[in-house]
Each structure stands twice: as C-alpha cells, then as structure tokens.
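Asks: One structure is given below, represented as structure tokens, and several questions about it will come after.
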Amino acid sequence: MKKLFKPYNKGALQLKNHVVMAPMTRSRAINNIPNQLMATYYKQRSGAGLIVTEGTSPSPEGLGYPRIPGIFNDAQVEGWKLVTEAVHEGGSKIFLQLMHTGRIAHSSNLPEGHHVVGLSTVKATGEIYTDTGMLEYSAPTALDKEGIGRIINDHVKAAENAIAAGFDGVELHGAHGYLLEQSLNPHINNRTDNYSGSTENRSRLTLEIVQKIVASIGADKVGLRISPFLTSNDMPAYEEAEVHETYVHLARKVNQLGIAYLHISNNPGIPEKTHQDIRKSFANTIIYCNGFTAETAEAKLQEESADLVAFGRSFLANPDFMRRIEKNAPLNEPDYNTLYTPGEEGYTDYPELN
C-alpha cells in the first residue's frame with residue numbers, strides 16, 4: 001500500500017493518509033442531537049485521514065429519517081463539539097455532511113409543525129423506515145420562492161454552525177436522490193421558474209448554496225458529493241448526454257469557486273468519458289467511493305484517477321479498519337439488523353484487533 005497510508009497534502013486537506021471514511025446514516029442522534037455515543041463511534045474510526053459524517057440536516061424539514069442529527073440549533077452544535085474534539089484527538093480531520101432529504105422523507109420523522117418539502121409535488125415511490133415500521137413516502141409540498149430562499153439560508157447558517165462546532169469543513173450532499181440531486185433531475189424538478197428547465201437552471205440551487213457557503217466560511221472548507229447516473233431513492237434515469245452535461249457543468253462551476261473537493265459515488269454505470277471530463281474540469285481533490293477494497297483503492301490512487309478513496313461498509317464493522325488492512329487481517333462483517341437502531345449494539349461494540 002504505497003499511497004494509501006502516505007500523508008495527503010493539497011490545499012487545506014492536510015491528511016495523515018489517503019483514506020476517507022464515507023458518510024453513513026446510523027440513526028443514533030436521539031432527539032436529533034449528537035451525543036457521547038456518537039463521539040465514541042467516530043473516535044474509534046479516526047484511523048482515516050478524513051472522516052465525513054453521516055448526513056446532517058440543515059433544517060427541521062430536512063430530517064427525513066428517524067434520529068438523524070441536525071446542525072440548526074445550539075444543542076446540536078454543542079453535541080457535535082463532542083464528536084469533533086474526539087476525532088481531532090485521534091489525529092483525523094472531519095467534515096460535516098449537510099443533507100436535506102427533500103421528498104425522501106416521512107412526516108412522522110419530522111418535528112411537530114414541519115412537513116415534507118421538495119422542488120415539486122412529485123412523490124417518491126416506495127417506503128421509508130420510521131420508528132413505527134416501513135411507511136410510504138409522504139407527498140412533498142413544492143417550495144415557493146420564499147421557501148427556496150429559506151433552504152439556501154438554512155444551508156449557510158448550518159455551515160457556520162458546523163465551523164462553530166469545530167468541524168474542518170462541510171460536504172454538501174448533492175447525491176443519492178436527496179434534495180440537491182432532486183433539483184438536478186428533470187423528471188423530479190418540474191418547476192417553471194429559473195430553478196428548472198435547462199442544465200444551468202437545474203444546477204442553480206446547488207451552485208447558489210455552494211457560492212454562499214464559500215463566501216461565508218471559505219472555499220477550502222467546502223466539498224460536494226455527487227452520484228452521476230445513480231438511480232437510488234427513486235431517481236428516474238434521464239438521457240445520458242444530459243446527465244453528462246449536468247455533472248460536467250457542476251464540476252466546472254464549483255472548480256471556479258475553488259472548493260476543496262468533489263466526492264463521487266463511483267457508480268459502475270458512470271461512462272468513462274464522464275469520469276474523465278469531470279476530472280479535467282475540476283482541479284482540486286477528487287474522492288471516489290463505492291465498494292473498494294484496500295487493493296482496488298490502491299490501484300485507483302496509483303492510476304491517479306482519484307486523489308483520495310472513501311470506504312463505507314468497511315468502517316461500519318471495523319473501527320480499526322486501517323490497522324486491519326495494514327496487518328492483512330480479516331474484516332468483521334456488519335450486522336445489518338442494527339444499522340439504524342438506537343444504542344451501542346452494532347455501532348460501537350465491534351471487536352478490535354488485540
């Protein structure tokens with residue numbers, strides 16, 4: 001592992017190695033407030049050079065899943081300080097992922113008085129986990145002009161709160177069918193204003209949020225996650241050329257803003273030309289994520305198509321993942337029955353090497 005374990009230094013990303021812990025929803029934030037149990041979980045995994053937290057809502061209406069954390073009130077900021085202090089003690093950097101779930105939500109998962117919103121009234125097909133079982137997605141209310149402005153301002157304030165909580169930066173979740181990707185998809189975003197229609201218009205919400213966060217906390221503290229061609233969370237596929245144009249356009253625009261990194265969910269369905277054109281369009285750090293082993297990650301780094309590689313499932317059950325791959329030790333298997341349950345089981349109780 002010639003590159004994986006070496007320090008990575010580019011711009012503000014001064015990391016002890018080339019490994020990123022990917023964001024993974026774990027639903028342990030009771031009352032949507034980060035806590036000591038979460039601090040323990042993240043500190044256990046501070047072998048990674050960079051940790052990106054689970055999706056964290058910038059506003060009450062973005063809390064689409066049960067027990068996911070927020071970053072919109074003082075109690076949440078104080079809770080996150082426990083996490084950032086613990087991770088920094090372990091020598092890692094940590095970015096907070098800002099995730100507004102949009103239409104991928106159920107109203108019972110939201111605080112009282114809030115409802116599910118989206119770019120349009122197009123309801124997602126399928127079911128979502130709630131503490132009373134699996135339920136159909138709630139129908140979203142379309143955001144009006146004032147609502148769009150509120151979403152943008154909520155993201156900026158959330159980024160400021162993240163810095164106040166001790167984070168090294170924020171990652172905008174523009175992937176996996178959540179609000180920002182919903183705005184990019186012409187089958188979901190059927191608005192008739194300047195946030196829909198052309199590639200430029202569909203990218204407007206994401207780029208306005210990025211631009212205003214950059215102006216507030218600095219470009220070197222901002223990343224963006226994207227998932228071209230992925231159809232998870234009921235994202236309808238659209239024309240390949242249009243998908244390509246959309247994500248290359250985004251890459252060019254955020255490159256002009258000078259953000260720290262692009263984090264790409266490395267969907268096998270992404271054409272090589274799209275990979276190459278994104279790489280050519282974005283000068284700063286590229287992170288790839290999706291199903292890597294230590295060996296395939298090293299190969300990706302060696303061929304220089306990625307600067308950093310993110311691991312998700314490997315970190316779920318292996319808090320000492322870096323030690324295990326260094327020693328060529330077997331990995332624990334995750335217990336998928338406890339992924340989203342409250343408490344320590346299947347969260348902080350995985351065995352570590354002696």
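Chain labels A, B, ... are given in the sequence in which chains occur in the structure tokens; within each chain residues are numbered consecutively from 1, and ligands are likewise numbered from 1 in the order shown.
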Any chance you could list, as a ChimeraX atom specification, the residues in stretch 35-261 of chain A that come up alpha helix (DSSP H) when DSSP is run on the backbone?

Replies: /A:36-44,74-89,145-164,179-184,199-202,204-217,240-257

Asks: Show which residues sit within 9 Å of A:Val170, as a VMD selection string. Count only C-alpha atoms, and ignore same-chain residues fewer than 5 positions away.

Replies: chain A and resid 52 94 to 98 159 162 to 163 221 to 224

Asks: Would you kindly return, as JSON, numbers by chain, each protein, DNA or RNA residue with an atom no farther than 9 Å from any atom of A:Ser281, considering only C-alpha atoms and excluding same-chain residues fewer than 3 positions away?

Replies: {"A": [248, 249, 251, 252, 253, 255, 276, 277, 278]}

Asks: Once you have the residues from the selection above, write them out as a PDB file, in the first residue's frame, restricted to N, CA and C atoms.

Replies:
ATOM      1  N   VAL A 248     -20.726  17.629 -15.580  1.00  0.00           N
ATOM      2  CA  VAL A 248     -19.524  18.345 -16.022  1.00  0.00           C
ATOM      3  C   VAL A 248     -19.713  19.846 -15.790  1.00  0.00           C
ATOM      4  N   HIS A 249     -20.918  20.342 -16.040  1.00  0.00           N
ATOM      5  CA  HIS A 249     -21.237  21.748 -15.752  1.00  0.00           C
ATOM      6  C   HIS A 249     -21.040  22.056 -14.263  1.00  0.00           C
ATOM      7  N   ALA A 251     -19.133  20.440 -12.151  1.00  0.00           N
ATOM      8  CA  ALA A 251     -17.709  20.354 -11.840  1.00  0.00           C
ATOM      9  C   ALA A 251     -16.984  21.638 -12.248  1.00  0.00           C
ATOM     10  N   ARG A 252     -17.296  22.147 -13.416  1.00  0.00           N
ATOM     11  CA  ARG A 252     -16.660  23.387 -13.880  1.00  0.00           C
ATOM     12  C   ARG A 252     -16.997  24.554 -12.959  1.00  0.00           C
ATOM     13  N   LYS A 253     -18.251  24.658 -12.586  1.00  0.00           N
ATOM     14  CA  LYS A 253     -18.688  25.800 -11.786  1.00  0.00           C
ATOM     15  C   LYS A 253     -18.105  25.763 -10.372  1.00  0.00           C
ATOM     16  N   ASN A 255     -15.415  24.264  -9.561  1.00  0.00           N
ATOM     17  CA  ASN A 255     -13.978  24.485  -9.732  1.00  0.00           C
ATOM     18  C   ASN A 255     -13.673  25.976  -9.742  1.00  0.00           C
ATOM     19  N   GLN A 276     -13.713  11.132 -16.960  1.00  0.00           N
ATOM     20  CA  GLN A 276     -12.571  11.880 -17.475  1.00  0.00           C
ATOM     21  C   GLN A 276     -12.867  13.367 -17.574  1.00  0.00           C
ATOM     22  N   ASP A 277     -14.080  13.704 -18.022  1.00  0.00           N
ATOM     23  CA  ASP A 277     -14.408  15.115 -18.199  1.00  0.00           C
ATOM     24  C   ASP A 277     -14.596  15.824 -16.859  1.00  0.00           C
ATOM     25  N   ILE A 278     -15.120  15.112 -15.856  1.00  0.00           N
ATOM     26  CA  ILE A 278     -15.187  15.695 -14.521  1.00  0.00           C
ATOM     27  C   ILE A 278     -13.776  15.933 -13.999  1.00  0.00           C
TER      28      ILE A 278
END

Asks: Given the choices A:Ala329, A:Val116, A:Leu316, A:Met21, which gets closest to A:Asp349 if the distance is worked out from only C-alpha atoms?

Replies: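 Among the listed residues, A:Leu316 lies closest to A:Asp349.
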
Asks: Counting only C-alpha atoms, which residue out of A:Glu345, A:Glu160, A:Glu326, A:Asp307 sits closest to A:Tyr8?

Replies: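 Closest to A:Tyr8, using only C-alpha atoms: A:Asp307.
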
Asks: For stretch 31-149 of chain A against stretch 338-344 of chain A, with a cut-off of 12 Å and counting only C-alpha atoms, what is the closest atom pair and its distance in Å to one decimal for every residue that makes the cut, ordered by chain and number, as a Markdown table?

Replies:
| residue | atom | partner | partner_atom | distance |
| --- | --- | --- | --- | --- |
| A:Asn31 | CA | A:Pro342 | CA | 11.2 |
| A:Asn32 | CA | A:Pro342 | CA | 11.8 |
| A:Asn35 | CA | A:Gly343 | CA | 11.1 |
| A:Gln36 | CA | A:Glu344 | CA | 11.0 |
| A:Leu37 | CA | A:Glu344 | CA | 7.4 |
| A:Met38 | CA | A:Glu344 | CA | 9.4 |
| A:Ala39 | CA | A:Glu344 | CA | 11.9 |
| A:Thr40 | CA | A:Glu344 | CA | 9.9 |
| A:Tyr41 | CA | A:Glu344 | CA | 9.0 |
| A:Glu54 | CA | A:Tyr340 | CA | 11.8 |
| A:Tyr65 | CA | A:Tyr340 | CA | 9.7 |
| A:Pro66 | CA | A:Tyr340 | CA | 8.6 |
| A:Arg67 | CA | A:Pro342 | CA | 8.2 |
| A:Ile68 | CA | A:Tyr340 | CA | 9.5 |
| A:Tyr129 | CA | A:Tyr340 | CA | 9.1 |
| A:Thr130 | CA | A:Tyr340 | CA | 10.0 |
| A:Asp131 | CA | A:Thr341 | CA | 9.2 |

Asks: Give me, as a CSV table (one decimal) with N, CA and C atoms, in the first residue's frame, all polymer residues having an atom no more than 9 Å from A:Leu4, counting only C-alpha atoms and skipping those fewer than 6 positions away in the same chain.

Replies:
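Wrote out_7.csv, looks like this:
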chain,number,residue,atom,x,y,z
A,17,ASN,N,-3.3,10.3,5.9
A,17,ASN,CA,-3.3,9.2,4.8
A,17,ASN,C,-4.3,9.6,3.7
A,18,HIS,N,-4.4,8.7,2.8
A,18,HIS,CA,-5.3,8.9,1.6
A,18,HIS,C,-6.6,8.2,1.8
A,19,VAL,N,-7.0,7.9,3.0
A,19,VAL,CA,-8.3,7.2,3.3
A,19,VAL,C,-9.3,8.1,3.9
A,294,ALA,N,-9.0,-2.6,-0.1
A,294,ALA,CA,-7.7,-1.9,0.0
A,294,ALA,C,-6.9,-2.0,-1.3
A,297,ALA,N,-8.5,0.2,-4.1
A,297,ALA,CA,-8.3,1.6,-3.7
A,297,ALA,C,-6.9,2.0,-4.0
A,298,GLU,N,-5.9,1.2,-3.7
A,298,GLU,CA,-4.5,1.5,-4.0
A,298,GLU,C,-4.3,1.6,-5.5
A,301,LEU,N,-5.6,4.9,-6.7
A,301,LEU,CA,-4.7,6.0,-6.4
A,301,LEU,C,-3.5,6.0,-7.3
A,308,LEU,N,-8.1,10.7,-3.4
A,308,LEU,CA,-8.4,10.0,-2.1
A,308,LEU,C,-9.5,9.0,-2.4
A,309,VAL,N,-9.5,7.9,-1.6
A,309,VAL,CA,-10.6,6.9,-1.7
A,309,VAL,C,-11.3,6.7,-0.4

Asks: I'd like to know which of A:Ser183, A:Ser227, A:Ser232, A:Asn9 is closest to A:Leu262, using only C-alpha atoms.

Replies: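 Smallest separation from A:Leu262 among the options: A:Ser227.
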
Asks: Check the smallest atom-to-atom distance from each of A:Thr246, A:Asn189, A:Ile286, A:Lys300 to A:Thr274 using only C-alpha atoms, then report the winner.

Replies: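 Among the listed residues, the smallest separation from A:Thr274 belongs to A:Thr246.
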
Asks: Report the distance between atom CA of A:Tyr178 and atom CA of A:Asn233 in Å, rounded to one decimal place.

Replies: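 These two atoms are separated by 7.8 Å.
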
Asks: Env of A:Leu180: 9 Å cut, atoms = only C-alpha atoms, seq-sep filter 3 positions within chain, self excluded. Answer as a ChimeraX atom specification.

Replies: /A:99-102,172-175,177,183-184,203,205-206

Asks: Write a file of the selected residues as a PDB file, in the first residue's frame, keeping N, CA and C atoms.

Replies:
ATOM      1  N   MET A  99     -27.128  17.340   4.672  1.00  0.00           N
ATOM      2  CA  MET A  99     -28.070  16.542   3.873  1.00  0.00           C
ATOM      3  C   MET A  99     -29.497  16.962   4.184  1.00  0.00           C
ATOM      4  N   HIS A 100     -30.142  17.553   3.209  1.00  0.00           N
ATOM      5  CA  HIS A 100     -31.581  17.826   3.284  1.00  0.00           C
ATOM      6  C   HIS A 100     -32.253  16.748   2.454  1.00  0.00           C
ATOM      7  N   THR A 101     -33.115  15.934   3.076  1.00  0.00           N
ATOM      8  CA  THR A 101     -33.658  14.775   2.369  1.00  0.00           C
ATOM      9  C   THR A 101     -34.735  15.130   1.351  1.00  0.00           C
ATOM     10  N   GLY A 102     -35.312  16.331   1.427  1.00  0.00           N
ATOM     11  CA  GLY A 102     -36.347  16.700   0.473  1.00  0.00           C
ATOM     12  C   GLY A 102     -37.507  15.726   0.497  1.00  0.00           C
ATOM     13  N   LEU A 172     -21.508  19.182   1.036  1.00  0.00           N
ATOM     14  CA  LEU A 172     -22.902  19.241   0.595  1.00  0.00           C
ATOM     15  C   LEU A 172     -23.282  17.922  -0.066  1.00  0.00           C
ATOM     16  N   HIS A 173     -24.401  17.365   0.375  1.00  0.00           N
ATOM     17  CA  HIS A 173     -24.861  16.089  -0.185  1.00  0.00           C
ATOM     18  C   HIS A 173     -25.710  16.374  -1.410  1.00  0.00           C
ATOM     19  N   GLY A 174     -25.066  16.319  -2.570  1.00  0.00           N
ATOM     20  CA  GLY A 174     -25.773  16.520  -3.822  1.00  0.00           C
ATOM     21  C   GLY A 174     -26.014  15.218  -4.557  1.00  0.00           C
ATOM     22  N   ALA A 175     -26.140  14.114  -3.788  1.00  0.00           N
ATOM     23  CA  ALA A 175     -26.187  12.776  -4.377  1.00  0.00           C
ATOM     24  C   ALA A 175     -27.362  11.977  -3.816  1.00  0.00           C
ATOM     25  N   GLY A 177     -30.284  10.948  -4.455  1.00  0.00           N
ATOM     26  CA  GLY A 177     -31.710  11.211  -4.527  1.00  0.00           C
ATOM     27  C   GLY A 177     -32.250  12.188  -3.512  1.00  0.00           C
ATOM     28  N   SER A 183     -33.141  18.462  -7.396  1.00  0.00           N
ATOM     29  CA  SER A 183     -33.184  19.693  -8.185  1.00  0.00           C
ATOM     30  C   SER A 183     -32.514  19.519  -9.541  1.00  0.00           C
ATOM     31  N   LEU A 184     -31.579  18.558  -9.656  1.00  0.00           N
ATOM     32  CA  LEU A 184     -30.861  18.336 -10.904  1.00  0.00           C
ATOM     33  C   LEU A 184     -31.640  17.482 -11.896  1.00  0.00           C
ATOM     34  N   SER A 203     -29.094  23.368 -12.049  1.00  0.00           N
ATOM     35  CA  SER A 203     -27.908  23.415 -11.194  1.00  0.00           C
ATOM     36  C   SER A 203     -27.913  24.626 -10.266  1.00  0.00           C
ATOM     37  N   LEU A 205     -29.778  25.829  -7.763  1.00  0.00           N
ATOM     38  CA  LEU A 205     -29.930  25.713  -6.314  1.00  0.00           C
ATOM     39  C   LEU A 205     -28.626  25.242  -5.672  1.00  0.00           C
ATOM     40  N   THR A 206     -28.049  24.189  -6.206  1.00  0.00           N
ATOM     41  CA  THR A 206     -26.791  23.673  -5.659  1.00  0.00           C
ATOM     42  C   THR A 206     -25.702  24.731  -5.711  1.00  0.00           C
TER      43      THR A 206
END

Asks: Per residue of stretch 285-308 of chain A within 10 Å of stretch 22-28 of chain A, what are the shortest atom pair and its distance in Å to one decimal, counting only C-alpha atoms, with rows by chain and residue number, as a Markdown table?

Replies:
| residue | atom | partner | partner_atom | distance |
| --- | --- | --- | --- | --- |
| A:Ile287 | CA | A:Ala22 | CA | 9.9 |
| A:Tyr288 | CA | A:Ala22 | CA | 9.7 |
| A:Cys289 | CA | A:Ala22 | CA | 7.3 |
| A:Asn290 | CA | A:Ala22 | CA | 9.1 |

Asks: Would you work out the distance separating atom CA of A:Pro334 from atom CA of A:Gly291, expressed in Å to one decimal?

Replies: 13.9 Å

Asks: Any idea what's packed within 12 Å of A:Glu239, counting only C-alpha atoms, ignoring anything in its chain fewer than 3 positions away? Could you give it as a list in words?

Replies: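 Near A:Glu239, the qualifying residues are Asn185, Pro186, His187, Pro228, Phe229, Pro236, Glu242, Val243, His244, Glu245 and Thr246 of chain A.
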
Asks: As a list of chain:residue names, please: all residues of stretch 54-248 of chain A that backbone DSSP puts in strand (DSSP E).

Replies: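 DSSP on the backbone gives strand (DSSP E) at A:Lys93, A:Ile94, A:Phe95, A:Leu96, A:Gln97, A:Leu98, A:Val117, A:Gly118, A:Glu127, A:Ile128, A:Tyr129, A:Thr130, A:Gly133, A:Met134, A:Leu135, A:Glu136, A:Thr141, A:Ala142, A:Gly169, A:Val170, A:Glu171, A:Leu172, A:His173, A:Gly174, A:Val222, A:Gly223, A:Leu224, A:Arg225, A:Ile226.
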
Asks: Atoms to include: C-alpha atoms. Write the selected residues as an mmCIF file, in the first residue's frame.

Replies:
data_model
loop_
_atom_site.group_PDB
_atom_site.id
_atom_site.type_symbol
_atom_site.label_atom_id
_atom_site.label_comp_id
_atom_site.auth_asym_id
_atom_site.auth_seq_id
_atom_site.Cartn_x
_atom_site.Cartn_y
_atom_site.Cartn_z
ATOM 1 C CA LYS A 93 -9.837 15.793 10.013
ATOM 2 C CA ILE A 94 -13.631 15.783 9.944
ATOM 3 C CA PHE A 95 -16.150 17.385 7.583
ATOM 4 C CA LEU A 96 -19.878 17.561 8.346
ATOM 5 C CA GLN A 97 -22.134 16.324 5.558
ATOM 6 C CA LEU A 98 -25.120 18.622 5.078
ATOM 7 C CA VAL A 117 -40.922 19.620 1.033
ATOM 8 C CA GLY A 118 -39.423 19.238 -2.421
ATOM 9 C CA GLU A 127 -41.263 3.134 1.524
ATOM 10 C CA ILE A 128 -39.066 4.685 4.189
ATOM 11 C CA TYR A 129 -38.046 3.481 7.637
ATOM 12 C CA THR A 130 -39.832 5.034 10.602
ATOM 13 C CA GLY A 133 -42.246 0.478 10.662
ATOM 14 C CA MET A 134 -41.901 0.955 6.920
ATOM 15 C CA LEU A 135 -44.282 3.569 5.503
ATOM 16 C CA GLU A 136 -44.877 5.086 2.082
ATOM 17 C CA THR A 141 -45.142 20.347 -0.723
ATOM 18 C CA ALA A 142 -43.419 22.282 -3.502
ATOM 19 C CA GLY A 169 -15.369 21.894 6.753
ATOM 20 C CA VAL A 170 -18.695 20.795 5.282
ATOM 21 C CA GLU A 171 -19.697 18.466 2.464
ATOM 22 C CA LEU A 172 -22.902 19.241 0.595
ATOM 23 C CA HIS A 173 -24.861 16.089 -0.185
ATOM 24 C CA GLY A 174 -25.773 16.520 -3.822
ATOM 25 C CA VAL A 222 -16.327 23.068 1.287
ATOM 26 C CA GLY A 223 -16.823 19.768 -0.545
ATOM 27 C CA LEU A 224 -19.635 18.461 -2.758
ATOM 28 C CA ARG A 225 -20.809 14.876 -3.124
ATOM 29 C CA ILE A 226 -22.346 13.778 -6.418
#

Asks: Find the residues around stretch 144-158 of chain A up to 8 Å (only C-alpha atoms counted), leave out those fewer than 3 positions away in its own chain, and share them as a list in words.

Replies: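 My reading of the contact set: Pro58, Ser59, Ile71, Phe72, Leu98, Asn161, Ala162, Leu205, Glu208, Ile209, Lys212, Ile213 and Ser216 of chain A.
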
Asks: Give me a file of those residues, with C-alpha atoms, as a PDB file, in the first residue's frame.

Replies:
ATOM      1  CA  PRO A  58     -29.534  21.999   7.979  1.00  0.00           C
ATOM      2  CA  SER A  59     -33.183  22.500   8.977  1.00  0.00           C
ATOM      3  CA  ILE A  71     -26.989  21.327  12.911  1.00  0.00           C
ATOM      4  CA  PHE A  72     -29.603  24.073  13.159  1.00  0.00           C
ATOM      5  CA  LEU A  98     -25.120  18.622   5.078  1.00  0.00           C
ATOM      6  CA  ASN A 161     -22.735  26.294  12.875  1.00  0.00           C
ATOM      7  CA  ALA A 162     -20.503  23.437  11.732  1.00  0.00           C
ATOM      8  CA  LEU A 205     -29.930  25.713  -6.314  1.00  0.00           C
ATOM      9  CA  GLU A 208     -26.159  29.190  -5.119  1.00  0.00           C
ATOM     10  CA  ILE A 209     -25.783  27.225  -1.892  1.00  0.00           C
ATOM     11  CA  LYS A 212     -22.924  31.457  -0.405  1.00  0.00           C
ATOM     12  CA  ILE A 213     -21.273  28.895   1.860  1.00  0.00           C
ATOM     13  CA  SER A 216     -19.262  32.615   4.496  1.00  0.00           C
TER      14      SER A 216
END

Asks: Atom CA of A:Leu82 and atom CA of A:Leu179 are how many Å apart?

Replies: 28.0 Å

Asks: From the set A:Ile33, A:Leu353, A:Ile264, A:Ala75, which residue has the shortest atom-to-atom contact distance to A:Leu230, counting only C-alpha atoms?

Replies: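 Among the listed residues, A:Ile264 lies closest to A:Leu230.
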
Asks: So, with only C-alpha atoms as the atoms that count, which of A:Ile104, A:Leu143, A:Ala164, A:Ala310 lies closest to A:Asp193?

Replies: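 For A:Asp193, the nearest of the candidates is A:Leu143.
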